[in-house]
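Taking it in order: structure first as structure tokens, then the write-up.
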Amino acid sequence: MDDRKVRNIGISAHIDSGKTTLTERILFYAKRIHAIHDVKGKDGVGATMDSMELEKERGITIASAATFCEWREHEINIIDTPGHVDFTVEVERSLRVLDGAVLVLCSVGGVQSQSITVDQQMKRYKVPCIAFINKCDRSGADPSRVIAQLRSKLGHNAVAMQIPIGLENNFQGIIDLVSMKAVYFDGENGENVRIEEISDALIQEAVTKREELIDAASMFSDELTEAILEEQEIPEELLINALRIGTLTRKITPVLIGSAYKNKGVQPLLDAVNQLLPCPSDMKNEAFDMDNNEKPIILSSSPEDQAVALAFKLEDGAYGQLTYIRVYQGSIAKGTTIVNARTGKKVKVGRVVRMHADQMEDMETIPAGYIGALFGIDCASGDTFTARGTTLTMSSMFVANPVISLSITPEDNKSQINMSKALNRFTKEDPTFKTYVDDETKETIIEGMGELHLEVYVERMKREYGANVETGNPRVAYRETITRKAEFNYTHKKQTGGSGQYGRIAGYMEPIKEAEFEFDNKITGGVIPTQFIPACEKGFRACMAKGPRMEFPVTGIRVLINDGAAHNVDSSEMAFQAAARGAFLEAYAKAKAVIHEPIMKVVVETPTEFQGSAMGLLNQRRGMIVGAQDDGPMCVIEAQVPLAEMFGFSTVLRSATQGQAQFTMEFALYKLVPQSIAEELAEKMAKKKKDI
Amino acid sequence: MMMLKKDLITRHPLGIQGDETDIISNGEFGAVLSRAGVGKTALLVQLALNTMLRNRNVLHISLNDPVDKITLWYKELFQHLAQDHTVEEASQLWEFLLPHRLVMTFRVAGFSVPRLRERMADLTGQDIFHPDMVIIDGLKFDESTRECLTDLKKLAGEQSFHAWFSVHTHRHEETSSNGIPSPLLAVEDLFDVALQLQPSGTDIHIKPLKGLSNVTSDLSHLTLDASSMLIK
């Protein structure tokens with residue numbers, strides 16, 4: 001197999017910019033589906049990519065299904081990335097698997113706050129991309145404004161590869177600036193591409209824009225520059241090659257235009273995917289050698305080498321768990337045995353398939369560079385599979401800690417059983433979604449990255465698993481930590497008949513930034529016998545779960561023990577655990593403990609006339625305004641606001657701006673809670689204790 | 001953290017020692033002139049950081065760059081300044097400094113004094129932010145600038161702030177007999193301080209064109225390090 005003809009691409013976009021419709025059209029032209037449905041279809045079928053019922057109903061895509069299609073002898077795998085910011089883990093995990101991406105933008109809405117987030121993620125994973133300006137048939141469509149925004153807001157070196165023939169209602173087709181031909185899309189579903197000469201009315205504009213395109217591309221090819229200087233005719237291939245080099249290094253972003261809904265411009269986009277986006281071996285992929293101190297190793301992308309694959313998505317199918325994998329090196333074939341690098345477990349590969357949303361196709365093997373799915377393999381998202389004998393692991397992806405929690409109570413016994421099934425599945429799929437049972441209240445708690453994040457899972461529990469649950473009020477994940485070094489020297493002693501308990505521990509605790517908890521044993525001369533050291537650590541660690549000050553989890557503490565005493569009859573593991581607990585409390589009281597709260601980066605997009613009121617709202621919520629970007633009719637305000645103050649913000653913002661503003665938020669950092677708020681929290685805590 | 005703060009304040013970008021006041025007072029204007037890419041923004045950001053260290057608020061207005069890019073300037077220059085100190089201390093001080101800064105960006109065509117007045121009324125009226133210093137980076141100096149600057153001067157008086165401008169000069173432009181490059185010449189009377197950045201070899205010299213007589217007699221030794229853009 002020739003991996004130069006393989007494309008693993010994502011289609012990333014702001015919600016509602018028509019991503020799902022575009023995917024649908026691509027699959028239609030690539031003959032993977034035989035009829036076109038709309039996202040919010042009246043026929044009740046829905047676009048093919050949204051495989052989950054909830055997504056169909058809401059018209060949004062949550063899970064990233066991978067689907068496969070062919071276009072002009074190229075094999076294209078499309079990862080449908082979710083559009084909402086609350087699901088960024090899924091987005092980021094998908095981006096890791098992609099080699100290139102199509103950034104879809106709405107020709108009316110332009111670069112919106114969500115596009116900015118998605119773009120930053122693409123930057124982080126260095127994903128080369130091309131842009132597609134969709135909805136050119138809508139009133140208010142203005143592709144050149146969107147290109148200007150790509151430059152000013154996202155800092156892309158965006159350059160048009162096409163210009164529209166008419167816009168809004170009159171959008172007829174496009175002019176391809178590479179071939180200098182007019183392209184029209186005929187037939188009921190735009191399947192017949194008709195190529196004509198450019199009309200006289202547009203030729204002047206086309207020539208100017210083509211010059212801009214050639215000028216931008218000439219940066220990447222000496223041959224092209226020479227051709228320009230010698231005023232030769234520029235061969236299409238030369239221009240495309242130069243653009244490809246620029247795209248792969250993310251130094252240029254070619255922009256295509258069209259309207260997926262009106263079936264215009266999709267086939268040229270597919271051609272551009274083939275011509276401009278990278279194939280798997282164009283990209284460098286790193287793995288870490290676990291045997292060699294996690295030293296990074298560049299994977300070979302040769303199907304002959306030892307297999308390394310990443311499980312990036314799990315799905316519950318009718319036949320059990322379906323695991324989507326991307327193979328980076330070697331191949332994964334039916335009947336072979338692979339090793340899960342995280343657990344060390346050996347797994348036999350039963351069935352290997354290639355997915356097209358809800359349908360599948362059996363395969364013999366998945367070679368390097370390809371995306372496929374495995375059946376009946378127990379693993380979590382993000383696990384690495386390797387051939388036996390290698391100790392490589394794909395880099396663990398950055399996973400943020402949850403910032404918000406919610407209690408859920410099943411309504412009846414059946415829901416209880418289904419709820420556990422659902423939670424088991426969700427936690428495997430999404431590393432930022434966590435669940436546990438509260439020791440005191442015996443309630444089940446779910447944790448995640450935002451209100452909407454949790455809401456969607458509660459909905460999915462209802463729909464997919466038939467688990468009806470009642471939810472409590474969302475709670476913010478506060479944390480406790482210490483701000484200064486404090487010493488302890490604690491003796492635990494009990495003499496109540498029979499064998500007593502004795503243990504003394506001395507040392508200090510200090511704040512650290514890098515880890516949640518560190519334990520350092522500097523005991524010399526065996527003053528605490530070695531067999532009791534783990535008990536000491538266990539005792540300290542146990543104290544971290546619930547802070548002595550406000551019962552929030554404690555983080556960022558290093559404990560060092562350097563002295564102690566033991567009794568040869570009365571000392572035991574239990575005694576030292578108790579001594580550690582005592583020592584922790586003793587030092588903690590002196591270590592100036594403080595409360596930290598999660599701060600969110602909030603980006604509000606509003607018409608300029610409401611900028612003042614939007615800023616006022618953020619300010620009232622203890623927000624710190626970082627900046628305001630005035631962009632003609634719209635402006636973008638960036639602020640840092642405590643999560644605790646953000647509940648119900650969407651309603652307030654909507655009513656203050658006549659529904660014209662929108663916002664996104666994501667976790668930014670943990671910050672010290674101001675004194676007044678800390679007192680409020682303490683009061684609440686005291687009240688809660690009294691109630692119990 | 002206090003130690004670090006003190007230390008950084010004394011490292012005033014223009015070598016002003018132990019002085020708790022600003023170079024120019026409310027209602028006054030300062031200008032930093034140079035050709036493209038020499039370091040106008042870097043110098044302005046250092047003046048701003050110094051002001052923020054003294055618990056005063058800076059409104060940074062940029063007509064060219066997006067908010068992210070400007071915040072990056074601040075972060076990088078601050079990190080350079082604080083690099084001799086512990087990360088812990090520096091990050092605490094950084095957290096403390098941030099509320100003293102607000103960044104606003106306009107598109108060059110979208111910027112006007114009435115518009116700025118409106119924005120500032122939003123900020124001060126709701127008690128969100130009261131700037132002591134305003135930086136205007138990227139304003140074009142041409143025939144129509146006088147009117148805009150006069151209005152700004154009025155606003156500066158009303159809202160009691162002082163303002164620093166970046167002025168983009170060109171190689172081919174003439175300088176007048178008093179050494180003021182032509183973009184500033186027509187509005188020179190509105191400015192109390194003007195500093196010119198001149199690259200020479202690997203260093204960039206800061207040459208006072210106007211004002212600063214009360215500060216130091218010898219500024220010619222002040223140079224920007226071309227790699228870090230910090231004042232040496």
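A note on labels: chains of the structure tokens are A, B, ... as shown, every chain counts residues from 1, and ligands are counted from 1 in their shown order.
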
Mind checking which residues fall within 9 Å of Gly376 in chain A, counting only C-alpha atoms, ignoring those fewer than 6 positions away in the same chain, and posting them as a PDB file with C-alpha atoms, in the first residue's frame?
```
ATOM      1  CA  TYR A 319     -21.191  -6.410  19.220  1.00  0.00           C
ATOM      2  CA  GLY A 320     -19.338  -5.000  22.199  1.00  0.00           C
ATOM      3  CA  GLN A 321     -16.651  -2.381  22.522  1.00  0.00           C
ATOM      4  CA  LEU A 322     -15.334  -0.891  19.315  1.00  0.00           C
ATOM      5  CA  THR A 323     -11.889   0.672  19.618  1.00  0.00           C
ATOM      6  CA  VAL A 349      -6.750  -9.078  17.653  1.00  0.00           C
ATOM      7  CA  GLY A 350     -10.001 -10.685  16.606  1.00  0.00           C
ATOM      8  CA  ARG A 351     -11.665  -8.533  14.018  1.00  0.00           C
TER       9      ARG A 351
END
```

Leaving out Asp563 in chain A and any residue of its chain fewer than 5 positions from it, which residues lie within 12 Å of it when counting only C-alpha atoms, given as a PyMOL selection string? chain A and resi 487-491+503-508+520-529+533

DSSP on the backbone, strand (DSSP E) only: what residues of range 10-73 of chain B does that give? Format it as a PyMOL selection string. chain B and resi 29-34+58-62

Please save C-alpha atoms of the selected residues as an mmCIF file, in the first residue's frame.
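File produced: out16.cif:
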```
data_model
loop_
_atom_site.group_PDB
_atom_site.id
_atom_site.type_symbol
_atom_site.label_atom_id
_atom_site.label_comp_id
_atom_site.auth_asym_id
_atom_site.auth_seq_id
_atom_site.Cartn_x
_atom_site.Cartn_y
_atom_site.Cartn_z
ATOM 1 C CA PHE B 29 2.320 62.976 25.955
ATOM 2 C CA GLY B 30 5.464 60.990 25.280
ATOM 3 C CA ALA B 31 6.625 59.477 22.008
ATOM 4 C CA VAL B 32 8.947 56.610 21.094
ATOM 5 C CA LEU B 33 10.230 56.916 17.549
ATOM 6 C CA SER B 34 11.998 54.435 15.343
ATOM 7 C CA VAL B 58 -2.006 50.814 32.235
ATOM 8 C CA LEU B 59 -4.412 50.770 29.327
ATOM 9 C CA HIS B 60 -2.563 49.395 26.326
ATOM 10 C CA ILE B 61 -4.205 50.249 23.021
ATOM 11 C CA SER B 62 -2.877 48.581 19.917
#
```

Show me which bits of chain B are within 10 Å of chain A, counting only C-alpha atoms, as a PDB file with C-alpha atoms, in the first residue's frame.
```
ATOM      1  CA  LEU B  59      -4.412  50.770  29.327  1.00  0.00           C
ATOM      2  CA  HIS B  60      -2.563  49.395  26.326  1.00  0.00           C
ATOM      3  CA  ILE B  61      -4.205  50.249  23.021  1.00  0.00           C
ATOM      4  CA  SER B  62      -2.877  48.581  19.917  1.00  0.00           C
ATOM      5  CA  LEU B  63      -3.980  49.274  16.397  1.00  0.00           C
ATOM      6  CA  ASN B  64      -1.950  46.490  14.847  1.00  0.00           C
ATOM      7  CA  ASP B  65      -1.647  43.407  16.973  1.00  0.00           C
ATOM      8  CA  PRO B  66      -4.244  41.075  18.491  1.00  0.00           C
ATOM      9  CA  VAL B  67      -4.646  40.901  22.280  1.00  0.00           C
ATOM     10  CA  ASP B  68      -2.799  37.577  22.520  1.00  0.00           C
ATOM     11  CA  LYS B  69       0.300  38.987  20.919  1.00  0.00           C
ATOM     12  CA  ILE B  70       0.430  41.971  23.233  1.00  0.00           C
ATOM     13  CA  THR B  71      -0.049  39.904  26.360  1.00  0.00           C
ATOM     14  CA  VAL B  87       9.902  31.090  39.493  1.00  0.00           C
ATOM     15  CA  GLU B  88       7.655  31.064  42.540  1.00  0.00           C
ATOM     16  CA  GLU B  95      -0.458  37.489  39.157  1.00  0.00           C
ATOM     17  CA  LEU B  98      -2.067  41.502  35.727  1.00  0.00           C
ATOM     18  CA  PRO B  99      -5.068  43.356  37.154  1.00  0.00           C
ATOM     19  CA  HIS B 100      -3.160  46.588  36.510  1.00  0.00           C
ATOM     20  CA  ARG B 101      -3.264  46.085  32.779  1.00  0.00           C
ATOM     21  CA  LEU B 102      -6.017  46.143  30.231  1.00  0.00           C
ATOM     22  CA  VAL B 103      -5.395  45.595  26.561  1.00  0.00           C
ATOM     23  CA  MET B 104      -7.619  47.043  23.885  1.00  0.00           C
ATOM     24  CA  THR B 105      -7.175  46.551  20.209  1.00  0.00           C
ATOM     25  CA  PHE B 106      -8.773  48.428  17.374  1.00  0.00           C
ATOM     26  CA  ARG B 107      -8.435  48.122  13.675  1.00  0.00           C
ATOM     27  CA  VAL B 108      -6.552  51.151  12.405  1.00  0.00           C
ATOM     28  CA  ALA B 109      -9.608  52.328  10.489  1.00  0.00           C
ATOM     29  CA  GLY B 110     -11.908  51.692  13.435  1.00  0.00           C
ATOM     30  CA  PHE B 111      -9.999  53.835  15.910  1.00  0.00           C
ATOM     31  CA  GLU B 118     -16.987  55.706  24.746  1.00  0.00           C
ATOM     32  CA  ARG B 119     -14.895  52.655  25.665  1.00  0.00           C
ATOM     33  CA  MET B 120     -13.221  54.485  28.523  1.00  0.00           C
ATOM     34  CA  ALA B 121     -16.574  55.680  29.805  1.00  0.00           C
ATOM     35  CA  ASP B 122     -17.641  52.006  29.878  1.00  0.00           C
ATOM     36  CA  LEU B 123     -14.592  51.177  31.942  1.00  0.00           C
ATOM     37  CA  GLY B 125     -18.303  54.458  34.630  1.00  0.00           C
ATOM     38  CA  GLN B 126     -18.735  50.892  35.869  1.00  0.00           C
ATOM     39  CA  ASP B 127     -15.627  51.160  37.996  1.00  0.00           C
ATOM     40  CA  ILE B 128     -13.938  48.362  36.043  1.00  0.00           C
ATOM     41  CA  PHE B 129     -10.663  50.058  35.283  1.00  0.00           C
TER      42      PHE B 129
END
```

Just want the 12 Å neighbourhood of Glu514 in chain A, counted on only C-alpha atoms, with same-chain residues fewer than 4 positions away dropped. Output as a PyMOL selection string. (chain A and resi 518+555-558) or (chain B and resi 87-88)

By how many Å are CA of Thr409 in chain A and CA of Leu423 in chain A apart? 12.6 Å

Could you list, as JSON, numbers by chain, every residue within 9 Å of Cys536 in chain A, counting only C-alpha atoms and ignoring same-chain residues fewer than 5 positions away? {"A": [505, 541, 573, 576, 577, 578, 579, 580, 581]}

Residues from last step as file, C-alpha atoms, as a PDB file, in the first residue's frame:
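Result file again25.pdb:
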```
ATOM      1  CA  ILE A 505       7.660  11.132  63.263  1.00  0.00           C
ATOM      2  CA  ARG A 541      -1.260  10.598  51.667  1.00  0.00           C
ATOM      3  CA  GLU A 573       1.984   0.014  60.860  1.00  0.00           C
ATOM      4  CA  PHE A 576       2.794   5.015  62.321  1.00  0.00           C
ATOM      5  CA  GLN A 577      -0.170   5.763  60.101  1.00  0.00           C
ATOM      6  CA  ALA A 578      -1.824   7.446  63.037  1.00  0.00           C
ATOM      7  CA  ALA A 579       1.394   9.310  63.851  1.00  0.00           C
ATOM      8  CA  ALA A 580       1.606  10.541  60.244  1.00  0.00           C
ATOM      9  CA  ARG A 581      -1.936  11.820  60.464  1.00  0.00           C
TER      10      ARG A 581
END
```

Can you pull out the residues contacting Thr391 in chain A? Cut-off 8 Å, using only C-alpha atoms, and skip same-chain residues under 5 positions away; I want them as a tab-separated table (two decimals) with N, CA and C atoms, in the first residue's frame.
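part.tsv written:
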```tsv
chain	number	residue	atom	x	y	z
A	289	ASP	N	10.09	5.90	24.79
A	289	ASP	CA	10.63	4.58	25.14
A	289	ASP	C	10.57	4.43	26.65
A	290	MET	N	9.70	3.55	27.11
A	290	MET	CA	9.51	3.41	28.55
A	290	MET	C	10.73	2.79	29.22
A	291	ASP	N	11.49	1.99	28.47
A	291	ASP	CA	12.67	1.36	29.03
A	291	ASP	C	13.83	2.33	29.15
A	341	ALA	N	0.28	-1.01	26.26
A	341	ALA	CA	1.48	-0.49	26.93
A	341	ALA	C	1.19	0.00	28.34
A	386	THR	N	1.18	-2.02	21.24
A	386	THR	CA	2.43	-2.24	20.53
A	386	THR	C	2.58	-3.72	20.24
```

Which of range 88-142 of chain B fall in alpha helix (DSSP H), as a ChimeraX atom specification: /B:88-97,113-125

Please indicate the distance in Å from CA of Thr253 in chain A to CA of Ser12 in chain A, rounded to one decimal place. 14.3 Å

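In this model, the gap between CA of Asp142 in chain B and CA of Pro181 in chain B comes to 12.3 Å.
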
Exercise: Gly37 in chain B partners within 12 Å, only C-alpha atoms, chain neighbours under 3 positions left out, as a PyMOL selection string: chain B and resi 33-34+40-43+166-170+197-199+204+226+229

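Nearest-residue note for Gly39 in chain B: choosing from B:Leu81, B:Leu190, B:Leu209, B:Leu195, the minimum distance belongs to B:Leu195, counting only C-alpha atoms.
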
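Closest approach to Gln46 in chain B among B:Asp132, B:Gly27, B:Glu147, B:Tyr74 is made by B:Tyr74 (distances from only C-alpha atoms).
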
Of A:Ile78, A:Gln172, A:Ile257, A:Asp222, the one sitting nearest Val146 in chain A when using only C-alpha atoms is A:Ile257

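The shortest atom-to-atom distance to Gln416 in chain A, with only C-alpha atoms taken into account, belongs to A:Thr444 out of A:Thr432, A:Thr444, A:Gln162, A:Thr384.
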